[in-house]
Amino acid sequence: MVTGLDLATSLGALPAPPTRVAVNLGNGPQVRELDEDSTGIELTPHLTDRVQLTLVDHDDMIDRTILGFSKETPPGLAEITVLGEDGPIGAQDSIYDRVVTVECEAGPVITIEGRTYRTSVTGSVRDLAEGAEVPATLCDTDAVGMSPGRIDVDVEPGTAFVASSLQLPLVGAEPPRTDPVELEMGTWTENLRELQVPASDSDQLIVVPESTNVGWVASAPDGTELTPVVADGWQQGWIVPAGTEGTVTLEFATDRWYRMGIFGGLLLLLPLFALAFLPRRRPVSDPGPAPRTWHSATAALIGVAAASVVVAGGVGIAV
């Protein structure tokens with residue numbers, strides 16, 4: 001027996017909240033007006049197993065796209081609760097605790113070294129509704145063999161999920177120590193940084209919690225350039241060989257040329273201003289013969305080729 005509905009609108013400005021709805025419990029549509037102060041509506045009680053809700057009208061609301069164009073925002077609701085004679089109808093609490101399993105045929109797919117592995121996802125209805133992290137486990141195997149060296153791993157989560165992390169625990173071997181150690185810092189500027197690295201019997205990984213950038217170059221105490229890596233998918237890192245001890249220098253070398261270009265461009269403004277304020281030359285009474293046009297195709301080809309090399313290098317001259 002349905003006696004009403006409780007409609008919850010969005011906490012933000014979008015989507016636009018409806019101002020009029022129509023509810024059909026099987027006994028014909030019942031139109032109700034909504035206001036900002038109350039979202040609950042009373043209906044003529046009716047025994048039904050199906051509720052049809054239509055958003056009839058809403059206040060016009062204009063939204064602006066990322067390109068700057070205006071568009072009308074459609075209406076929407078955040079949640080609908082069905083009310084009965086004794087309050088909310090249905091096992092709202094118990095249904096959220098129900099465990100749902102997405103089978104292997106529809107679960108995320110992992111590709112390692114060109115081989116495909118299917119996974120299944122298990123989680124409660126509450127976790128899926130709230131967008132919480134749920135685990136995906138391999139279906140046909142518990143372990144995956146990998147070749148030494150660089151490994152390409154691709155995760156296709158499908159349309160229902162988003163991959164947030166991937167754990168690759170070692171099987172049959174003692175995993176390396178993963179507890180991070182904060183290093184002592186020396187000079188720390190925008191383009192020059194120093195870190196004191198203690199000695200270790202195994203390779204170490206230095207991670208700077210900033211977005212990776214190919215402009216950063218790390219050097220060991222003996223001047224050897226360290227191998228850069230991307231940590232956790234976005235952070236800047238370098239591999240420090242075993243036995244290295246001392247100051248590791250991080251330098252953004254291209255920053256120097258960037259600043260020189262800026263100041264050089266500003267200095268070029270001085271002769272430009274000087275030329276702008278120079279007195280104009282007096283007109284010549286006898287301009288002389290008209291200049292000859294350039295008819296040499298060879299000279300023109302050489303000029304175009306030179307300009308192409310300057311603009312686009314070897315590709316430019318080839319074109």
# chains A, B, ... in the order shown; residues from 1 in each chain; ligands from 1
>>> residues_around(residues="Met146 in chain A", least_positions_apart="6", cutoff="12 Å", atoms="only C-alpha atoms", output="NGL selection string")
:A and (111-115 or 152-153 or 168 or 170-171)
>>> write_last_selection(atoms="N, CA and C atoms", output="PDB file, in the first residue's frame")
ATOM      1  N   THR A 111      45.317  -7.219 -18.855  1.00  0.00           N
ATOM      2  CA  THR A 111      46.205  -7.737 -19.892  1.00  0.00           C
ATOM      3  C   THR A 111      47.637  -7.556 -19.440  1.00  0.00           C
ATOM      4  N   ILE A 112      48.372  -8.663 -19.340  1.00  0.00           N
ATOM      5  CA  ILE A 112      49.767  -8.653 -18.916  1.00  0.00           C
ATOM      6  C   ILE A 112      50.594  -9.342 -19.986  1.00  0.00           C
ATOM      7  N   GLU A 113      51.521  -8.604 -20.597  1.00  0.00           N
ATOM      8  CA  GLU A 113      52.385  -9.131 -21.660  1.00  0.00           C
ATOM      9  C   GLU A 113      51.562  -9.731 -22.805  1.00  0.00           C
ATOM     10  N   GLY A 114      50.451  -9.085 -23.129  1.00  0.00           N
ATOM     11  CA  GLY A 114      49.628  -9.539 -24.230  1.00  0.00           C
ATOM     12  C   GLY A 114      48.649 -10.650 -23.903  1.00  0.00           C
ATOM     13  N   ARG A 115      48.699 -11.177 -22.688  1.00  0.00           N
ATOM     14  CA  ARG A 115      47.782 -12.252 -22.294  1.00  0.00           C
ATOM     15  C   ARG A 115      46.663 -11.677 -21.437  1.00  0.00           C
ATOM     16  N   ASP A 152      54.374  -4.505 -19.387  1.00  0.00           N
ATOM     17  CA  ASP A 152      53.218  -3.654 -19.666  1.00  0.00           C
ATOM     18  C   ASP A 152      51.961  -4.326 -19.128  1.00  0.00           C
ATOM     19  N   VAL A 153      51.246  -3.610 -18.260  1.00  0.00           N
ATOM     20  CA  VAL A 153      50.014  -4.107 -17.654  1.00  0.00           C
ATOM     21  C   VAL A 153      48.899  -3.139 -18.018  1.00  0.00           C
ATOM     22  N   LEU A 168      50.503  -6.036  -6.978  1.00  0.00           N
ATOM     23  CA  LEU A 168      51.189  -7.201  -7.543  1.00  0.00           C
ATOM     24  C   LEU A 168      52.084  -7.809  -6.464  1.00  0.00           C
ATOM     25  N   LEU A 170      54.411 -10.468  -4.550  1.00  0.00           N
ATOM     26  CA  LEU A 170      55.313 -11.517  -5.010  1.00  0.00           C
ATOM     27  C   LEU A 170      54.894 -12.863  -4.420  1.00  0.00           C
ATOM     28  N   VAL A 171      55.029 -13.901  -5.219  1.00  0.00           N
ATOM     29  CA  VAL A 171      54.678 -15.253  -4.791  1.00  0.00           C
ATOM     30  C   VAL A 171      55.962 -16.061  -4.641  1.00  0.00           C
TER      31      VAL A 171
END
>>> select_by_dssp(residues="range 156-293 of chain A", states="alpha helix (DSSP H)", output="PDB file with C-alpha atoms, in the first residue's frame")
ATOM      1  CA  THR A 254      65.902  23.620 -19.013  1.00  0.00           C
ATOM      2  CA  ASP A 255      64.691  26.203 -16.504  1.00  0.00           C
ATOM      3  CA  ARG A 256      67.897  28.181 -17.035  1.00  0.00           C
ATOM      4  CA  TRP A 257      67.337  28.484 -20.784  1.00  0.00           C
ATOM      5  CA  TYR A 258      63.678  29.309 -20.222  1.00  0.00           C
ATOM      6  CA  ARG A 259      64.552  32.246 -17.965  1.00  0.00           C
ATOM      7  CA  MET A 260      67.314  33.404 -20.304  1.00  0.00           C
ATOM      8  CA  GLY A 261      64.786  33.442 -23.136  1.00  0.00           C
ATOM      9  CA  ILE A 262      62.401  35.573 -21.079  1.00  0.00           C
ATOM     10  CA  PHE A 263      65.053  38.118 -20.067  1.00  0.00           C
ATOM     11  CA  GLY A 264      66.569  38.081 -23.546  1.00  0.00           C
ATOM     12  CA  GLY A 265      63.184  38.926 -25.002  1.00  0.00           C
ATOM     13  CA  LEU A 266      62.827  41.807 -22.552  1.00  0.00           C
ATOM     14  CA  LEU A 267      66.262  43.151 -23.473  1.00  0.00           C
ATOM     15  CA  LEU A 269      62.620  45.692 -26.270  1.00  0.00           C
ATOM     16  CA  LEU A 270      65.322  48.332 -25.654  1.00  0.00           C
ATOM     17  CA  PRO A 271      66.540  48.568 -29.278  1.00  0.00           C
ATOM     18  CA  LEU A 272      62.913  48.337 -30.397  1.00  0.00           C
ATOM     19  CA  PHE A 273      62.019  51.423 -28.359  1.00  0.00           C
ATOM     20  CA  ALA A 274      65.169  53.175 -29.611  1.00  0.00           C
ATOM     21  CA  LEU A 275      64.194  52.526 -33.225  1.00  0.00           C
ATOM     22  CA  ALA A 276      60.665  53.749 -32.534  1.00  0.00           C
ATOM     23  CA  PHE A 277      61.867  57.137 -31.303  1.00  0.00           C
TER      24      PHE A 277
END
>>> closest_atom_pairs(of="range 51-117 of chain A", to="range 1-7 of chain A", cutoff="6 Å", atoms="only C-alpha atoms", output="CSV")
residue,atom,partner,partner_atom,distance
A:Ile80,CA,A:Leu7,CA,4.9
A:Thr81,CA,A:Asp6,CA,5.0
A:Val82,CA,A:Leu5,CA,4.8
A:Leu83,CA,A:Gly4,CA,5.0
A:Gly84,CA,A:Val2,CA,4.7
>>> residues_around(residues="Gln236 in chain A", least_positions_apart="6", cutoff="9 Å", atoms="only C-alpha atoms", output="ChimeraX atom specification")
/A:206-213,216,228-230
>>> write_last_selection(atoms="N, CA, C and O atoms", output="short mmCIF file (atom, residue, chain, number, x, y, z; two decimals), in the first residue's frame")
data_model
loop_
_atom_site.label_atom_id
_atom_site.label_comp_id
_atom_site.auth_asym_id
_atom_site.auth_seq_id
_atom_site.Cartn_x
_atom_site.Cartn_y
_atom_site.Cartn_z
N ILE A 206 64.03 6.82 -4.97
CA ILE A 206 63.73 8.17 -4.48
C ILE A 206 62.46 8.65 -5.15
O ILE A 206 62.33 8.57 -6.37
N VAL A 207 61.51 9.13 -4.36
CA VAL A 207 60.24 9.61 -4.89
C VAL A 207 60.00 11.03 -4.39
O VAL A 207 60.07 11.28 -3.18
N VAL A 208 59.73 11.94 -5.31
CA VAL A 208 59.32 13.29 -4.98
C VAL A 208 57.83 13.40 -5.29
O VAL A 208 57.42 13.17 -6.44
N PRO A 209 56.99 13.72 -4.30
CA PRO A 209 55.53 13.73 -4.54
C PRO A 209 55.08 14.90 -5.41
O PRO A 209 54.34 15.77 -4.97
N GLU A 210 55.56 14.93 -6.63
CA GLU A 210 55.17 15.93 -7.62
C GLU A 210 54.97 15.21 -8.95
O GLU A 210 55.51 14.13 -9.18
N SER A 211 54.21 15.83 -9.84
CA SER A 211 53.96 15.22 -11.14
C SER A 211 55.27 15.04 -11.90
O SER A 211 56.15 15.91 -11.88
N THR A 212 55.39 13.89 -12.57
CA THR A 212 56.62 13.59 -13.29
C THR A 212 56.85 14.58 -14.42
O THR A 212 55.91 15.05 -15.07
N ASN A 213 58.12 14.91 -14.66
CA ASN A 213 58.49 15.86 -15.71
C ASN A 213 59.85 15.45 -16.25
O ASN A 213 60.80 15.23 -15.47
N TRP A 216 63.43 17.15 -15.22
CA TRP A 216 64.23 16.90 -14.02
C TRP A 216 65.30 15.84 -14.29
O TRP A 216 65.02 14.80 -14.87
N PRO A 228 65.41 7.64 -14.35
CA PRO A 228 64.10 8.14 -13.88
C PRO A 228 63.02 7.09 -14.05
O PRO A 228 63.04 6.29 -14.98
N VAL A 229 62.05 7.09 -13.13
CA VAL A 229 60.89 6.20 -13.20
C VAL A 229 59.67 7.00 -12.75
O VAL A 229 59.80 8.05 -12.12
N VAL A 230 58.49 6.48 -13.08
CA VAL A 230 57.24 7.08 -12.63
C VAL A 230 56.70 6.22 -11.50
O VAL A 230 56.44 5.03 -11.68
#
>>> residues_around(residues="Val99 in chain A", least_positions_apart="3", cutoff="10 Å", atoms="only C-alpha atoms", output="list in words")
Ile95, Tyr96, Thr122, Gly123, Ser124, Val125, Arg126, Asp127 and Leu128 of chain A
>>> write_last_selection(atoms="N, CA and C atoms", output="mmCIF file, in the first residue's frame")
data_model
loop_
_atom_site.group_PDB
_atom_site.id
_atom_site.type_symbol
_atom_site.label_atom_id
_atom_site.label_comp_id
_atom_site.auth_asym_id
_atom_site.auth_seq_id
_atom_site.Cartn_x
_atom_site.Cartn_y
_atom_site.Cartn_z
ATOM 1 N N ILE A 95 18.823 -4.448 2.270
ATOM 2 C CA ILE A 95 19.214 -4.619 0.874
ATOM 3 C C ILE A 95 20.601 -4.038 0.625
ATOM 4 N N TYR A 96 20.991 -3.004 1.371
ATOM 5 C CA TYR A 96 22.311 -2.412 1.170
ATOM 6 C C TYR A 96 23.422 -3.321 1.680
ATOM 7 N N THR A 122 33.425 -8.492 -6.142
ATOM 8 C CA THR A 122 32.484 -8.814 -5.080
ATOM 9 C C THR A 122 32.409 -7.638 -4.117
ATOM 10 N N GLY A 123 31.193 -7.202 -3.819
ATOM 11 C CA GLY A 123 31.004 -6.097 -2.882
ATOM 12 C C GLY A 123 29.552 -5.983 -2.489
ATOM 13 N N SER A 124 29.292 -5.225 -1.447
ATOM 14 C CA SER A 124 27.919 -5.022 -0.985
ATOM 15 C C SER A 124 27.230 -3.973 -1.843
ATOM 16 N N VAL A 125 25.887 -3.987 -1.774
ATOM 17 C CA VAL A 125 25.118 -2.985 -2.519
ATOM 18 C C VAL A 125 25.476 -1.581 -2.039
ATOM 19 N N ARG A 126 25.743 -1.432 -0.743
ATOM 20 C CA ARG A 126 26.096 -0.119 -0.205
ATOM 21 C C ARG A 126 27.423 0.369 -0.796
ATOM 22 N N ASP A 127 28.416 -0.510 -0.887
ATOM 23 C CA ASP A 127 29.706 -0.115 -1.458
ATOM 24 C C ASP A 127 29.560 0.290 -2.925
ATOM 25 N N LEU A 128 28.763 -0.472 -3.670
ATOM 26 C CA LEU A 128 28.583 -0.151 -5.084
ATOM 27 C C LEU A 128 27.817 1.150 -5.258
#
